[in-house]
file input-v8.cif (mmCIF, C-alpha atoms)
data_protein
loop_
_atom_site.label_atom_id
_atom_site.label_comp_id
_atom_site.auth_asym_id
_atom_site.auth_seq_id
_atom_site.Cartn_x
_atom_site.Cartn_y
_atom_site.Cartn_z
CA MET T 1354 10.64 -38.71 -16.44
CA GLU T 1355 8.82 -39.95 -13.37
CA SER T 1356 11.18 -38.01 -11.07
CA PHE T 1357 10.27 -34.80 -12.96
CA PHE T 1358 6.59 -35.24 -12.06
CA VAL T 1359 7.47 -35.99 -8.44
CA LEU T 1360 9.61 -32.84 -8.34
CA LEU T 1361 6.86 -30.81 -10.01
CA ASP T 1362 4.29 -32.16 -7.55
CA ASP T 1363 6.57 -31.22 -4.63
CA ILE T 1364 7.04 -27.67 -5.97
CA VAL T 1365 3.30 -27.22 -6.48
CA VAL T 1366 2.64 -28.27 -2.89
CA ARG T 1367 5.28 -25.88 -1.54
CA ILE T 1368 4.01 -22.97 -3.65
CA THR T 1369 0.47 -23.68 -2.50
CA VAL T 1370 1.60 -23.57 1.13
CA ILE T 1371 3.49 -20.32 0.49
CA LEU T 1372 0.40 -18.74 -1.05
CA ILE T 1373 -1.78 -19.91 1.84
CA VAL T 1374 0.67 -18.35 4.31
CA PHE T 1375 0.65 -15.14 2.24
CA PHE T 1376 -3.14 -14.85 2.36
CA ILE T 1377 -3.21 -15.62 6.08
CA LEU T 1378 -0.60 -12.91 6.74
CA LYS T 1379 -2.45 -10.50 4.43
CA SER T 1380 -5.69 -11.05 6.36
CA LEU T 1381 -3.87 -10.29 9.64
CA VAL T 1382 -2.41 -6.96 8.50
CA ARG T 1383 -5.51 -4.80 9.07
CA PRO T 1384 -6.33 -6.07 12.60
CA VAL T 1385 -2.68 -5.91 13.66
CA ALA T 1386 -2.37 -2.38 12.25
CA ARG T 1387 -5.38 -1.30 14.30
CA GLN T 1388 -3.78 -2.70 17.45
CA LEU T 1389 -0.43 -1.01 16.78
CA ILE T 1390 -1.82 2.49 16.34
CA HIS T 1391 -1.96 4.46 19.59
CA ILE T 1392 -3.72 7.79 19.37
CA SER T 1393 -3.82 10.51 21.97
CA LYS T 1394 -6.98 10.37 24.07
CA SER T 1395 -7.11 14.17 24.21
CA LYS T 1396 -8.47 14.35 20.66
CA PRO T 1397 -12.19 14.06 19.90
CA LYS T 1398 -13.43 10.55 19.12
CA LEU T 1399 -14.29 11.38 15.47
CA ILE T 1400 -10.72 12.57 14.79
CA GLN T 1401 -9.34 9.40 16.40
CA GLU T 1402 -11.52 7.17 14.22
CA LYS T 1403 -10.58 9.03 11.02
CA ARG T 1404 -6.88 8.93 11.87
CA VAL T 1405 -7.04 5.18 12.59
CA LYS T 1406 -8.85 4.52 9.28
CA THR T 1407 -6.24 6.52 7.40
CA ALA T 1408 -3.31 4.84 9.16
CA VAL T 1409 -4.74 1.35 8.66
CA SER T 1410 -5.28 2.05 4.95
CA PHE T 1411 -1.69 3.27 4.58
CA ILE T 1412 -0.15 0.41 6.57
CA ASN T 1413 -2.25 -2.08 4.59
CA SER T 1414 -0.87 -0.72 1.30
CA ILE T 1415 2.74 -0.96 2.46
CA ALA T 1416 2.31 -4.41 4.03
CA THR T 1417 0.64 -5.75 0.87
CA ILE T 1418 3.60 -4.67 -1.27
CA ILE T 1419 6.11 -6.18 1.17
CA LEU T 1420 4.16 -9.46 1.42
CA TRP T 1421 3.87 -9.78 -2.37
CA VAL T 1422 7.60 -9.23 -2.85
CA LEU T 1423 8.51 -11.75 -0.12
CA THR T 1424 6.03 -14.27 -1.53
CA LEU T 1425 7.40 -13.84 -5.05
CA PHE T 1426 10.99 -14.37 -3.89
CA THR T 1427 9.99 -17.41 -1.83
CA ILE T 1428 8.21 -18.96 -4.82
CA ILE T 1429 11.19 -18.24 -7.08
CA ALA T 1430 13.49 -19.93 -4.55
CA GLN T 1431 11.37 -23.10 -4.85
CA PHE T 1432 12.62 -23.45 -8.43
CA HIS T 1433 16.23 -23.38 -7.13
CA ILE T 1434 16.92 -20.00 -8.71
CA ASP T 1435 19.60 -18.02 -6.87
CA ILE T 1436 17.78 -15.07 -5.31
CA LYS T 1437 21.05 -13.20 -4.62
CA THR T 1438 21.64 -12.94 -8.35
CA LEU T 1439 18.09 -11.67 -8.84
CA LEU T 1440 18.53 -9.08 -6.10
CA ALA T 1441 21.77 -7.83 -7.67
CA GLY T 1442 20.03 -7.63 -11.03
CA ALA T 1443 17.10 -5.91 -9.37
CA GLY T 1444 19.48 -3.21 -8.11
CA ILE T 1445 20.64 -2.47 -11.64
CA PHE T 1446 17.10 -2.74 -12.95
CA GLY T 1447 15.96 -0.48 -10.11
CA VAL T 1448 18.05 2.39 -11.39
CA ALA T 1449 16.60 2.04 -14.89
CA PHE T 1450 13.13 1.55 -13.42
CA GLY T 1451 13.54 4.65 -11.27
CA LEU T 1452 14.44 6.78 -14.25
CA GLY T 1453 11.54 5.45 -16.29
CA PHE T 1454 8.94 5.59 -13.56
CA GLN T 1455 9.69 8.84 -11.81
CA SER T 1456 5.99 9.67 -11.39
CA VAL T 1457 5.37 6.35 -9.59
CA ILE T 1458 8.26 7.06 -7.23
CA LYS T 1459 7.04 10.63 -6.75
CA ASN T 1460 3.55 9.31 -5.88
CA PHE T 1461 5.07 6.90 -3.38
CA LEU T 1462 7.21 9.55 -1.65
CA THR T 1463 4.38 12.10 -1.65
CA SER T 1464 2.12 9.50 -0.02
CA PHE T 1465 4.49 9.27 2.94
CA GLY T 1466 4.49 13.05 3.29
CA LEU T 1467 0.71 13.23 3.14
CA PHE T 1468 0.29 10.48 5.69
CA PHE T 1469 2.81 11.71 8.21
CA GLY T 1470 1.83 15.35 7.68
CA GLY T 1471 -1.76 14.61 8.70
CA TYR T 1472 -3.14 17.14 6.22
CA TYR T 1473 -6.29 15.12 5.68
CA GLU T 1474 -7.71 11.76 6.63
CA ILE T 1475 -10.35 9.35 5.43
CA GLY T 1476 -13.76 10.96 5.89
CA ASP T 1477 -12.52 14.57 5.62
CA MET T 1478 -14.14 16.98 3.16
CA VAL T 1479 -11.29 18.43 1.07
CA THR T 1480 -10.49 20.24 -2.13
CA ILE T 1481 -7.48 18.68 -3.86
CA ALA T 1482 -6.30 19.38 -7.42
CA GLY T 1483 -9.49 21.34 -8.06
CA VAL T 1484 -11.75 18.48 -6.91
CA LYS T 1485 -13.97 18.93 -3.85
CA GLY T 1486 -15.11 15.78 -2.13
CA THR T 1487 -14.93 13.39 0.79
CA VAL T 1488 -11.74 11.35 1.14
CA GLN T 1489 -12.65 7.68 0.60
CA GLU T 1490 -9.17 6.18 0.51
CA ILE T 1491 -5.52 7.16 0.63
CA ASN T 1492 -3.11 4.66 -0.85
CA LEU T 1493 0.43 4.75 -2.16
CA LYS T 1494 -0.63 5.99 -5.57
CA ASN T 1495 -3.87 7.95 -5.30
CA THR T 1496 -6.20 9.79 -3.02
CA ILE T 1497 -9.75 8.75 -3.85
CA LEU T 1498 -12.44 11.41 -3.43
CA GLU T 1499 -16.20 11.18 -3.75
CA ASP T 1500 -17.82 14.47 -4.73
CA GLU T 1501 -21.27 15.65 -3.66
CA GLY T 1502 -22.81 14.07 -6.78
CA GLY T 1503 -21.42 10.64 -5.89
CA ILE T 1504 -18.75 10.71 -8.59
CA ILE T 1505 -15.45 9.08 -7.64
CA HIS T 1506 -12.22 10.95 -8.46
CA PHE T 1507 -8.75 9.42 -8.39
CA VAL T 1508 -6.15 12.10 -7.70
CA PRO T 1509 -2.51 10.98 -8.11
CA ASN T 1510 -0.70 11.93 -4.91
CA SER T 1511 2.13 13.48 -6.94
CA GLU T 1512 -0.39 15.97 -8.40
CA ILE T 1513 -1.38 17.31 -4.99
CA LYS T 1514 0.07 20.80 -4.60
CA VAL T 1515 -2.60 22.61 -2.54
CA ILE T 1516 -4.92 20.96 -0.02
CA THR T 1517 -7.96 22.68 1.40
CA ASN T 1518 -9.35 20.66 4.31
CA LEU T 1519 -12.90 21.78 5.02
CA SER T 1520 -13.26 19.36 7.96
CA LYS T 1521 -10.50 20.79 10.16
CA LYS T 1522 -11.34 23.72 12.35
#

call {"tool": "encode", "arguments": {"input": "input-v8.cif", "output": "structure tokens"}}
result
Amino acid sequence: MESFFVLLDDIVVRITVILIVFFILKSLVRPVARQLIHISKSKPKLIQEKRVKTAVSFINSIATIILWVLTLFTIIAQFHIDIKTLLAGAGIFGVAFGLGFQSVIKNFLTSFGLFFGGYYEIGDMVTIAGVKGTVQEINLKNTILEDEGGIIHFVPNSEIKVITNLSKK
């Protein structure tokens, strides 16, 4: 019985270290993303700043998901659970998940198209899905707009069919 508590104590310490490393890596994502983004100097400064904000927001969303998955698998491995078996099961589960959560997958794929297409960026005044407002955030699920009255609107990226960007000339 005593060896169980020693083992439990050892696992708790390792999981704590893993979580500390996760939060350190998570806090480094935004500054590293800013350093990795090189923007043409021929564009006006305001456009550069908006593009960097948008790119950093997008990279932060992707990095957060990757870090959480890696952290989860590392913690599971501490309990001596075979991760290969979980990954194989995840593949089968992924197919079922994909069929059940098509809108989530559509949001995710649309987010990539919106980001790389450069249709709008954080700070732009746009009309999306019938909502006119300033883009506050673009993440893997939603575009968040603030209208002129200060009301926040969450527009699922998969619902975006027509974009009117009032900031681009």

call {"tool": "closest_residue", "arguments": {"input": "input-v8.cif", "among": "T:Phe1446, T:Phe1432, T:Tyr1473, T:Phe1465", "to": "Ile1415 (chain T)", "atoms": "all atoms listed in the file"}}
result
T:Phe1465

call {"tool": "residues_around", "arguments": {"input": "input-v8.cif", "residues": "Phe1376 (chain T)", "least_positions_apart": "6", "cutoff": "12 Å", "atoms": "all atoms listed in the file", "output": "PyMOL selection string"}}
result
chain T and resi 1369-1370+1382+1416-1417+1420-1421+1424

call {"tool": "residues_around", "arguments": {"input": "input-v8.cif", "residues": "Phe1468 (chain T)", "least_positions_apart": "3", "cutoff": "9 Å", "atoms": "all atoms listed in the file", "output": "PyMOL selection string"}}
result
chain T and resi 1407-1408+1411+1463-1465+1471-1474+1491

call {"tool": "resolve_selection", "arguments": {"input": "input-v8.cif", "expression": "the PyMOL selection byres ((chain T and resi 1499) around 9)", "output": "NGL selection string"}}
result
:T and (1485-1489 or 1497-1498 or 1500-1507)

call {"tool": "decode", "arguments": {"input": "input-v8.cif", "residues": "region 1400-1498 of chain T", "atoms": "C-alpha atoms", "output": "mmCIF file, in the first residue's frame"}}
result
data_model
loop_
_atom_site.group_PDB
_atom_site.id
_atom_site.type_symbol
_atom_site.label_atom_id
_atom_site.label_comp_id
_atom_site.auth_asym_id
_atom_site.auth_seq_id
_atom_site.Cartn_x
_atom_site.Cartn_y
_atom_site.Cartn_z
ATOM 1 C CA ILE T 1400 -2.101 47.330 -42.623
ATOM 2 C CA GLN T 1401 1.061 45.695 -41.274
ATOM 3 C CA GLU T 1402 -0.141 46.010 -37.676
ATOM 4 C CA LYS T 1403 -3.596 44.596 -38.487
ATOM 5 C CA ARG T 1404 -2.112 41.692 -40.436
ATOM 6 C CA VAL T 1405 0.279 40.859 -37.576
ATOM 7 C CA LYS T 1406 -2.580 40.949 -35.029
ATOM 8 C CA THR T 1407 -4.654 38.642 -37.207
ATOM 9 C CA ALA T 1408 -1.778 36.223 -37.829
ATOM 10 C CA VAL T 1409 -0.800 36.111 -34.156
ATOM 11 C CA SER T 1410 -4.408 35.395 -33.160
ATOM 12 C CA PHE T 1411 -4.633 32.568 -35.692
ATOM 13 C CA ILE T 1412 -1.258 31.039 -34.794
ATOM 14 C CA ASN T 1413 -2.148 31.278 -31.105
ATOM 15 C CA SER T 1414 -5.351 29.289 -31.681
ATOM 16 C CA ILE T 1415 -3.563 26.535 -33.588
ATOM 17 C CA ALA T 1416 -0.637 26.355 -31.140
ATOM 18 C CA THR T 1417 -3.010 26.147 -28.165
ATOM 19 C CA ILE T 1418 -4.792 23.139 -29.658
ATOM 20 C CA ILE T 1419 -1.500 21.399 -30.468
ATOM 21 C CA LEU T 1420 -0.075 22.088 -26.994
ATOM 22 C CA TRP T 1421 -3.218 20.796 -25.252
ATOM 23 C CA VAL T 1422 -3.178 17.571 -27.275
ATOM 24 C CA LEU T 1423 0.535 16.987 -26.623
ATOM 25 C CA THR T 1424 0.079 17.757 -22.924
ATOM 26 C CA LEU T 1425 -2.876 15.386 -22.668
ATOM 27 C CA PHE T 1426 -0.951 12.539 -24.326
ATOM 28 C CA THR T 1427 2.089 13.181 -22.124
ATOM 29 C CA ILE T 1428 -0.051 13.067 -18.982
ATOM 30 C CA ILE T 1429 -1.768 9.871 -20.151
ATOM 31 C CA ALA T 1430 1.650 8.289 -20.754
ATOM 32 C CA GLN T 1431 2.521 8.949 -17.086
ATOM 33 C CA PHE T 1432 -0.139 6.398 -16.124
ATOM 34 C CA HIS T 1433 1.625 3.794 -18.320
ATOM 35 C CA ILE T 1434 -1.221 3.724 -20.824
ATOM 36 C CA ASP T 1435 -0.098 2.765 -24.331
ATOM 37 C CA ILE T 1436 -0.532 5.909 -26.431
ATOM 38 C CA LYS T 1437 -0.226 3.967 -29.712
ATOM 39 C CA THR T 1438 -3.429 2.128 -28.878
ATOM 40 C CA LEU T 1439 -5.131 5.433 -28.079
ATOM 41 C CA LEU T 1440 -3.960 6.953 -31.353
ATOM 42 C CA ALA T 1441 -5.287 3.970 -33.325
ATOM 43 C CA GLY T 1442 -8.584 4.262 -31.483
ATOM 44 C CA ALA T 1443 -8.551 7.999 -32.095
ATOM 45 C CA GLY T 1444 -8.332 7.317 -35.842
ATOM 46 C CA ILE T 1445 -11.483 5.223 -35.736
ATOM 47 C CA PHE T 1446 -13.142 7.694 -33.394
ATOM 48 C CA GLY T 1447 -12.021 10.506 -35.701
ATOM 49 C CA VAL T 1448 -14.105 9.167 -38.556
ATOM 50 C CA ALA T 1449 -17.206 8.980 -36.357
ATOM 51 C CA PHE T 1450 -16.377 12.364 -34.857
ATOM 52 C CA GLY T 1451 -15.950 13.858 -38.323
ATOM 53 C CA LEU T 1452 -19.355 12.656 -39.419
ATOM 54 C CA GLY T 1453 -21.014 13.946 -36.259
ATOM 55 C CA PHE T 1454 -19.235 17.273 -36.127
ATOM 56 C CA GLN T 1455 -19.165 18.374 -39.726
ATOM 57 C CA SER T 1456 -19.912 22.000 -38.816
ATOM 58 C CA VAL T 1457 -16.894 22.117 -36.478
ATOM 59 C CA ILE T 1458 -14.665 20.750 -39.232
ATOM 60 C CA LYS T 1459 -16.204 23.168 -41.728
ATOM 61 C CA ASN T 1460 -15.492 26.077 -39.335
ATOM 62 C CA PHE T 1461 -11.898 24.914 -38.977
ATOM 63 C CA LEU T 1462 -11.295 24.605 -42.734
ATOM 64 C CA THR T 1463 -13.061 27.891 -43.481
ATOM 65 C CA SER T 1464 -10.844 29.596 -40.895
ATOM 66 C CA PHE T 1465 -7.752 28.600 -42.862
ATOM 67 C CA GLY T 1466 -9.283 29.985 -46.055
ATOM 68 C CA LEU T 1467 -10.215 33.255 -44.381
ATOM 69 C CA PHE T 1468 -6.785 33.669 -42.851
ATOM 70 C CA PHE T 1469 -4.743 32.863 -45.925
ATOM 71 C CA GLY T 1470 -7.142 34.717 -48.229
ATOM 72 C CA GLY T 1471 -6.592 37.960 -46.311
ATOM 73 C CA TYR T 1472 -10.196 39.047 -46.842
ATOM 74 C CA TYR T 1473 -10.278 40.893 -43.536
ATOM 75 C CA GLU T 1474 -8.120 41.363 -40.490
ATOM 76 C CA ILE T 1475 -8.484 42.387 -36.874
ATOM 77 C CA GLY T 1476 -9.516 46.034 -36.754
ATOM 78 C CA ASP T 1477 -11.255 46.065 -40.163
ATOM 79 C CA MET T 1478 -14.826 47.331 -40.486
ATOM 80 C CA VAL T 1479 -16.772 44.561 -42.254
ATOM 81 C CA THR T 1480 -20.229 43.253 -42.965
ATOM 82 C CA ILE T 1481 -20.380 39.476 -42.496
ATOM 83 C CA ALA T 1482 -23.541 37.344 -42.360
ATOM 84 C CA GLY T 1483 -25.636 40.507 -42.223
ATOM 85 C CA VAL T 1484 -23.708 41.945 -39.262
ATOM 86 C CA LYS T 1485 -21.731 45.171 -39.676
ATOM 87 C CA GLY T 1486 -18.950 45.760 -37.192
ATOM 88 C CA THR T 1487 -15.267 45.920 -36.372
ATOM 89 C CA VAL T 1488 -13.383 42.623 -36.334
ATOM 90 C CA GLN T 1489 -12.247 41.981 -32.743
ATOM 91 C CA GLU T 1490 -10.933 38.448 -33.118
ATOM 92 C CA ILE T 1491 -10.609 35.666 -35.665
ATOM 93 C CA ASN T 1492 -10.211 32.194 -34.234
ATOM 94 C CA LEU T 1493 -10.699 28.665 -35.502
ATOM 95 C CA LYS T 1494 -14.420 28.703 -34.798
ATOM 96 C CA ASN T 1495 -15.745 32.254 -34.973
ATOM 97 C CA THR T 1496 -15.134 35.742 -36.185
ATOM 98 C CA ILE T 1497 -16.010 38.147 -33.388
ATOM 99 C CA LEU T 1498 -17.448 41.507 -34.437
#
